[in-house]
file start_21.cif (mmCIF, C-alpha atoms and all ligand atoms)
data_structure
loop_
_atom_site.label_atom_id
_atom_site.label_comp_id
_atom_site.auth_asym_id
_atom_site.auth_seq_id
_atom_site.Cartn_x
_atom_site.Cartn_y
_atom_site.Cartn_z
CA MET A 288 -67.61 225.96 47.70
CA ARG A 289 -70.41 224.77 45.46
CA VAL A 290 -73.93 225.07 46.93
CA GLN A 291 -77.29 224.09 45.48
CA LEU A 292 -80.71 224.47 47.06
CA LEU A 293 -82.29 221.33 45.66
CA PRO A 294 -85.65 221.61 43.89
CA SER A 295 -88.61 220.31 45.89
CA SER A 296 -91.70 220.66 43.71
CA CYS A 297 -92.96 218.70 40.71
CA GLY A 298 -94.93 219.42 37.56
CA LEU A 299 -93.38 222.65 36.33
CA PRO A 300 -90.78 223.04 33.61
CA ASP A 301 -88.63 225.19 35.88
CA SER A 302 -87.68 224.54 39.48
CA GLY A 303 -90.94 225.89 40.95
CA PRO A 304 -91.68 226.91 44.53
CA GLN A 305 -89.69 225.69 47.51
CA PHE A 306 -91.71 223.32 49.68
CA LEU A 307 -88.83 221.49 51.37
CA SER A 308 -85.23 222.16 52.38
CA THR A 309 -82.05 220.42 51.32
CA TYR A 310 -78.83 222.16 50.35
CA LEU A 311 -76.18 220.18 48.56
CA VAL A 312 -72.66 221.33 49.48
CA GLY A 313 -70.18 219.85 47.05
CA GLU A 314 -71.26 216.31 46.23
CA SER A 315 -71.13 214.39 49.48
CA LEU A 316 -72.45 216.76 52.08
CA ALA A 317 -76.06 217.92 52.55
CA ILE A 318 -77.73 220.33 54.91
CA ASP A 319 -81.20 219.01 55.80
CA GLY A 320 -83.11 216.09 54.36
CA GLY A 321 -86.30 217.71 53.09
CA SER A 322 -85.85 216.93 49.41
CA ILE A 323 -82.62 214.99 48.85
CA GLY A 324 -84.41 211.61 48.78
CA PHE A 325 -86.88 212.84 46.14
CA GLN A 326 -84.26 213.78 43.54
CA ALA A 327 -84.62 211.82 40.32
CA ASP A 328 -80.84 211.53 39.99
CA LEU A 329 -80.06 208.46 42.11
CA ASP A 330 -76.31 208.91 41.63
CA LEU A 331 -76.65 212.37 43.20
CA GLN A 332 -78.37 210.74 46.18
CA ARG A 333 -75.74 208.01 46.47
CA ARG A 334 -72.88 210.49 46.53
CA VAL A 335 -74.33 212.19 49.63
CA ARG A 336 -72.66 210.59 52.66
CA HIS A 337 -73.35 213.13 55.41
CA VAL A 338 -76.65 214.91 56.10
CA PHE A 339 -76.58 217.65 58.71
CA VAL A 340 -80.15 218.00 59.97
CA THR A 341 -80.93 221.44 61.40
CA HIS A 342 -84.13 220.38 63.17
CA ALA A 343 -86.91 217.80 63.04
CA HIS A 344 -89.66 219.74 61.26
CA PHE A 345 -91.15 217.84 58.34
CA ASP A 346 -89.96 220.16 55.59
CA HIS A 347 -86.37 219.43 56.69
CA VAL A 348 -86.60 215.64 57.14
CA ALA A 349 -89.41 214.48 54.82
CA SER A 350 -87.22 212.65 52.31
CA LEU A 351 -84.80 211.00 54.73
CA PRO A 352 -86.69 207.65 54.72
CA PHE A 353 -86.30 207.52 50.94
CA LEU A 354 -82.68 208.66 50.97
CA VAL A 355 -81.85 205.72 53.24
CA GLU A 356 -83.82 203.32 51.04
CA ASN A 357 -82.34 204.66 47.80
CA THR A 358 -78.72 204.61 48.94
CA TYR A 359 -78.57 201.39 50.96
CA ILE A 360 -76.06 198.77 49.87
CA ARG A 361 -75.33 195.73 52.01
CA GLY A 362 -72.21 196.32 54.09
CA PRO A 363 -70.77 198.77 56.61
CA ASP A 364 -70.91 201.89 54.44
CA CYS A 365 -74.03 204.02 54.83
CA VAL A 366 -75.30 207.55 54.99
CA GLU A 367 -74.62 209.50 58.20
CA LEU A 368 -77.17 211.76 59.86
CA LEU A 369 -75.71 214.47 62.11
CA ALA A 370 -78.05 216.45 64.33
CA SER A 371 -78.70 217.55 67.89
CA LYS A 372 -79.51 214.88 70.44
CA ASN A 373 -83.16 215.95 70.52
CA THR A 374 -83.50 215.98 66.74
CA LEU A 375 -82.03 212.48 66.46
CA ALA A 376 -84.36 211.29 69.21
CA ALA A 377 -87.33 212.72 67.31
CA LEU A 378 -86.24 211.01 64.09
CA GLN A 379 -86.04 207.65 65.83
CA SER A 380 -89.28 207.97 67.80
CA ASP A 381 -91.38 209.62 65.07
CA VAL A 382 -89.93 208.49 61.71
CA PHE A 383 -87.60 205.47 61.95
CA ASN A 384 -89.79 203.83 64.56
CA GLY A 385 -90.97 200.57 63.02
CA ARG A 386 -94.40 202.06 62.21
CA MET A 387 -93.89 205.05 59.92
CA TRP A 388 -90.75 203.40 58.48
CA PRO A 389 -88.44 200.58 59.54
CA ASP A 390 -86.26 201.41 62.51
CA PHE A 391 -83.10 201.50 60.42
CA ILE A 392 -81.15 202.85 63.37
CA ALA A 393 -81.96 199.90 65.62
CA ILE A 394 -81.49 197.20 63.00
CA SER A 395 -78.16 198.51 61.75
CA THR A 396 -75.15 196.43 62.77
CA PRO A 397 -71.43 197.22 62.33
CA ALA A 398 -71.31 194.82 59.39
CA ASP A 399 -74.56 195.91 57.73
CA ARG A 400 -75.68 199.45 58.29
CA TYR A 401 -78.59 201.42 56.88
CA LEU A 402 -77.68 204.68 58.49
CA THR A 403 -75.50 205.93 61.27
CA THR A 404 -76.08 208.90 63.55
CA THR A 405 -73.77 211.44 65.15
CA VAL A 406 -74.81 213.89 67.84
CA LEU A 407 -73.94 217.52 67.18
CA GLU A 408 -73.19 219.77 70.13
CA PRO A 409 -73.68 223.52 69.77
CA PHE A 410 -70.47 225.30 68.72
CA ALA A 411 -68.53 222.00 68.48
CA THR A 412 -66.98 221.93 65.00
CA VAL A 413 -66.91 218.63 63.12
CA GLU A 414 -65.02 217.82 59.92
CA ARG A 415 -66.59 216.02 57.00
CA ALA A 416 -65.83 216.02 53.27
CA ASP A 417 -62.90 218.45 53.66
CA CYS A 418 -65.19 220.99 55.35
CA ARG A 419 -65.42 222.23 58.91
CA ILE A 420 -69.03 222.48 60.03
CA THR A 421 -70.01 224.39 63.15
CA PRO A 422 -73.57 224.14 64.52
CA VAL A 423 -74.93 227.29 66.13
CA PRO A 424 -78.29 227.45 67.96
CA VAL A 425 -80.88 229.78 66.46
CA SER A 426 -84.35 231.00 67.50
CA HIS A 427 -86.90 228.58 66.13
CA GLY A 428 -88.28 226.84 69.17
CA ALA A 429 -87.53 223.33 67.96
CA ASP A 430 -83.95 222.80 69.09
CA THR A 431 -82.69 224.21 65.80
CA LEU A 432 -79.07 224.51 64.72
CA ALA A 433 -77.73 226.74 61.97
CA MET A 434 -74.77 225.21 60.16
CA ILE A 435 -71.66 227.22 59.32
CA VAL A 436 -69.64 225.47 56.63
CA ASP A 437 -66.00 226.43 55.99
CA ASP A 438 -63.92 224.69 53.30
CA GLY A 439 -60.80 226.71 54.04
CA HIS A 440 -61.48 229.08 51.19
CA ALA A 441 -65.03 230.26 51.76
CA CYS A 442 -67.39 230.19 54.70
CA VAL A 443 -71.14 229.94 54.08
CA ALA A 444 -73.80 230.01 56.79
CA PHE A 445 -77.05 228.07 56.50
CA ALA A 446 -79.19 229.82 59.06
CA ALA A 447 -81.91 227.14 59.14
CA ASP A 448 -85.38 228.20 60.26
CA THR A 449 -85.07 231.08 62.66
CA GLY A 450 -86.64 234.20 64.02
CA PRO A 451 -84.45 237.15 64.97
CA THR A 452 -81.23 235.86 66.47
CA ASP A 453 -78.03 237.29 67.95
CA VAL A 454 -75.73 234.34 68.46
CA LEU A 455 -75.32 233.45 64.80
CA TRP A 456 -74.34 237.00 63.78
CA GLN A 457 -71.95 237.30 66.70
CA HIS A 458 -70.33 234.04 65.66
CA LEU A 459 -70.00 235.08 62.01
CA ALA A 460 -68.47 238.43 62.95
CA ASP A 461 -65.30 236.61 64.02
CA ARG A 462 -64.85 234.92 60.64
CA PRO A 463 -63.08 236.87 57.88
CA ASN A 464 -64.04 234.62 54.96
CA VAL A 465 -67.85 234.65 55.20
CA ARG A 466 -69.15 234.85 51.64
CA ALA A 467 -72.86 234.17 51.97
CA VAL A 468 -75.76 233.44 54.28
CA PHE A 469 -78.82 231.46 53.27
CA LEU A 470 -81.52 233.09 55.36
CA GLU A 471 -85.18 232.27 55.61
CA CYS A 472 -88.13 234.62 55.14
CA SER A 473 -91.19 232.47 55.71
CA PHE A 474 -94.06 234.94 55.98
CA PRO A 475 -95.17 238.31 54.58
CA GLN A 476 -95.56 241.36 56.79
CA SER A 477 -99.31 240.72 57.17
CA LEU A 478 -98.48 237.53 59.09
CA ALA A 479 -95.84 239.06 61.35
CA ASP A 480 -97.65 237.82 64.45
CA LEU A 481 -97.60 234.25 63.18
CA ALA A 482 -93.92 234.57 62.25
CA ALA A 483 -93.07 235.80 65.73
CA HIS A 484 -95.06 232.98 67.31
CA CYS A 485 -93.41 230.27 65.20
CA GLY A 486 -89.84 231.62 65.13
CA HIS A 487 -89.65 232.80 61.53
CA LEU A 488 -88.69 235.99 59.71
CA THR A 489 -90.73 238.47 57.68
CA PRO A 490 -89.24 241.03 55.26
CA ALA A 491 -88.98 243.60 58.10
CA THR A 492 -87.18 241.30 60.51
CA LEU A 493 -85.08 239.92 57.64
CA ALA A 494 -83.90 243.47 56.88
CA GLU A 495 -82.92 243.99 60.49
CA GLN A 496 -81.00 240.70 60.55
CA VAL A 497 -79.19 241.45 57.29
CA SER A 498 -78.02 244.78 58.70
CA ARG A 499 -75.99 242.76 61.21
CA LEU A 500 -73.84 241.22 58.49
CA ALA A 501 -70.50 242.59 57.35
CA SER A 502 -70.49 244.40 54.05
CA GLY A 503 -69.71 242.10 51.17
CA VAL A 504 -71.63 239.14 52.57
CA ARG A 505 -74.35 238.05 50.16
CA THR A 506 -77.73 237.01 51.54
CA PHE A 507 -79.84 234.44 49.72
CA VAL A 508 -83.47 234.38 50.81
CA VAL A 509 -84.98 230.91 51.14
CA HIS A 510 -87.97 229.18 52.75
CA ARG A 511 -90.67 231.53 51.45
CA LYS A 512 -93.95 229.76 52.21
CA ALA A 513 -95.33 228.92 48.79
CA ALA A 514 -98.72 230.54 49.33
CA HIS A 515 -97.05 233.86 50.12
CA ALA A 516 -93.88 233.64 48.01
CA ALA A 517 -94.85 236.39 45.55
CA THR A 518 -95.92 238.79 48.30
CA ILE A 519 -92.72 238.18 50.24
CA ALA A 520 -90.66 238.77 47.08
CA ALA A 521 -92.45 242.05 46.42
CA GLU A 522 -91.98 243.24 49.99
CA ILE A 523 -88.27 242.39 49.91
CA ALA A 524 -87.84 244.17 46.57
CA ALA A 525 -89.61 247.26 47.94
CA ALA A 526 -87.14 247.36 50.84
CA HIS A 527 -84.17 247.76 48.43
CA LEU A 528 -81.85 245.67 50.56
CA PRO A 529 -78.28 245.63 49.24
CA ARG A 530 -76.65 242.24 48.55
CA VAL A 531 -79.96 240.43 49.17
CA GLU A 532 -81.37 238.14 46.48
CA LEU A 533 -83.88 235.34 46.25
CA ALA A 534 -82.30 231.89 46.10
CA ALA A 535 -83.45 229.87 43.11
CA PRO A 536 -84.04 226.15 43.71
CA GLY A 537 -81.83 224.14 41.37
CA ARG A 538 -79.33 226.92 40.65
CA ILE A 539 -75.69 226.22 41.50
CA TYR A 540 -73.84 228.87 43.47
CA ASP A 541 -70.06 228.98 43.71
CA PHE A 542 -68.35 230.79 46.55
ZN ZN A 601 -88.94 224.64 61.20
ZN ZN A 602 -88.80 224.86 57.64
#

call {"tool": "encode", "arguments": {"input": "start_21.cif", "output": "structure tokens"}}
result
Amino acid sequence: MRVQLLPSSCGLPDSGPQFLSTYLVGESLAIDGGSIGFQADLDLQRRVRHVFVTHAHFDHVASLPFLVENTYIRGPDCVELLASKNTLAALQSDVFNGRMWPDFIAISTPADRYLTTTVLEPFATVERADCRITPVPVSHGADTLAMIVDDGHACVAFAADTGPTDVLWQHLADRPNVRAVFLECSFPQSLADLAAHCGHLTPATLAEQVSRLASGVRTFVVHRKAAHAATIAAEIAAAHLPRVELAAPGRIYDF
């Protein structure tokens, strides 16, 4: 399975800090819509046919209006958004609402579609692009779903935004082919109270969560808030966590 955390910042020669979240899985499947619609490579955008949206927070949906605009061709084929019922409702009422952006959901017809939506139910596996994707609720306070992606060879978990959680680790324990988890660490230890309030991890709670994983599973740390990214990196390094590394936006990972 080929996974790339897409870059989401401009103006630096390298990939820079992570402001937004989109993972590309293979070529046609994406997890979250934070940055997919901002990628300069329009062919990359056009190849994405299914976007699994973990939750409605801006950093995970910001580029969806542009993805729809950039990939629209007249006819029945269009990009598919898959998310919880509440997340889809938020996207239609707060983004595709005829004010912030055209209501592409309402004006789509079977013969001419801008986007289509599919409701995800917790733990109900769906199949897209030769992968089986299972949504699992996590602890983020915004109806948030982690996505477990299994291509028959490797299983990779995208934990979304979450505070400490049990259900995801219990679910992964039953799967023998888990290769990696992309796990957030949003705040440094000094902001542990804010992290707890908002449903995010700090290096200390990250370490506790990682200890729940089977040996051999790699953890890639994502979603470091840009203002604190260096501090978070230093705190994680000081903890000497085995099999834990910082995910680099733009780098391609093969599992
Ligand atoms: Zn969030
Ligand atoms: Zn987020």

call {"tool": "residues_near_ligand", "arguments": {"input": "start_21.cif", "ligand": "ligand ZN 602 (chain A)", "cutoff": "7 Å", "atoms": "all atoms listed in the file", "output": "VMD selection string"}}
result
chain A and resid 308 344 346 to 347 448 510

call {"tool": "write_last_selection", "arguments": {"input": "start_21.cif", "atoms": "C-alpha atoms", "output": "PDB file, keeping the file's coordinate frame"}}
result
ATOM      1  CA  SER A 308     -85.230 222.160  52.380  1.00  0.00           C
ATOM      2  CA  HIS A 344     -89.660 219.740  61.260  1.00  0.00           C
ATOM      3  CA  ASP A 346     -89.960 220.160  55.590  1.00  0.00           C
ATOM      4  CA  HIS A 347     -86.370 219.430  56.690  1.00  0.00           C
ATOM      5  CA  ASP A 448     -85.380 228.200  60.260  1.00  0.00           C
ATOM      6  CA  HIS A 510     -87.970 229.180  52.750  1.00  0.00           C
TER       7      HIS A 510
END

call {"tool": "residues_near_ligand", "arguments": {"input": "start_21.cif", "ligand": "ligand ZN 601 (chain A)", "cutoff": "10 Å", "atoms": "only C-alpha atoms and all ligand atoms", "output": "number ranges by chain"}}
result
A: 308, 341-347, 427-431, 447-449, 473, 485-487, 510

call {"tool": "closest_residue", "arguments": {"input": "start_21.cif", "among": "A:Asn464, A:Ile323, A:Arg538, A:Ile519", "to": "Arg505 (chain A)", "atoms": "all atoms listed in the file"}}
result
A:Asn464

call {"tool": "residues_around", "arguments": {"input": "start_21.cif", "residues": "Arg289 (chain A)", "least_positions_apart": "2", "cutoff": "10 Å", "atoms": "only C-alpha atoms", "output": "list in words"}}
result
Gln291, Leu311, Val312, Gly313, Glu314, Ala441, Ile539, Tyr540, Asp541 and Phe542 of chain A

call {"tool": "closest_residue", "arguments": {"input": "start_21.cif", "among": "A:Asp364, A:Asp330, A:Asp319, A:Asp301", "to": "Ala433 (chain A)", "atoms": "all atoms listed in the file"}}
result
A:Asp319

call {"tool": "atom_distance", "arguments": {"input": "start_21.cif", "atom1": "CA of Arg400 (chain A)", "atom2": "CA of Arg361 (chain A)"}}
result
7.3 Å

call {"tool": "residues_near_point", "arguments": {"input": "start_21.cif", "point": "(-86.9, 198.5, 66.7)", "cutoff": "7 Å", "atoms": "only C-alpha atoms", "output": "PyMOL selection string"}}
result
chain A and resi 384-385+390+393-394

call {"tool": "write_last_selection", "arguments": {"input": "start_21.cif", "atoms": "C-alpha atoms", "output": "short mmCIF file (atom, residue, chain, number, x, y, z; two decimals), in the coordinates of the input"}}
result
data_model
loop_
_atom_site.label_atom_id
_atom_site.label_comp_id
_atom_site.auth_asym_id
_atom_site.auth_seq_id
_atom_site.Cartn_x
_atom_site.Cartn_y
_atom_site.Cartn_z
CA ASN A 384 -89.79 203.83 64.56
CA GLY A 385 -90.97 200.57 63.02
CA ASP A 390 -86.26 201.41 62.51
CA ALA A 393 -81.96 199.90 65.62
CA ILE A 394 -81.49 197.20 63.00
#
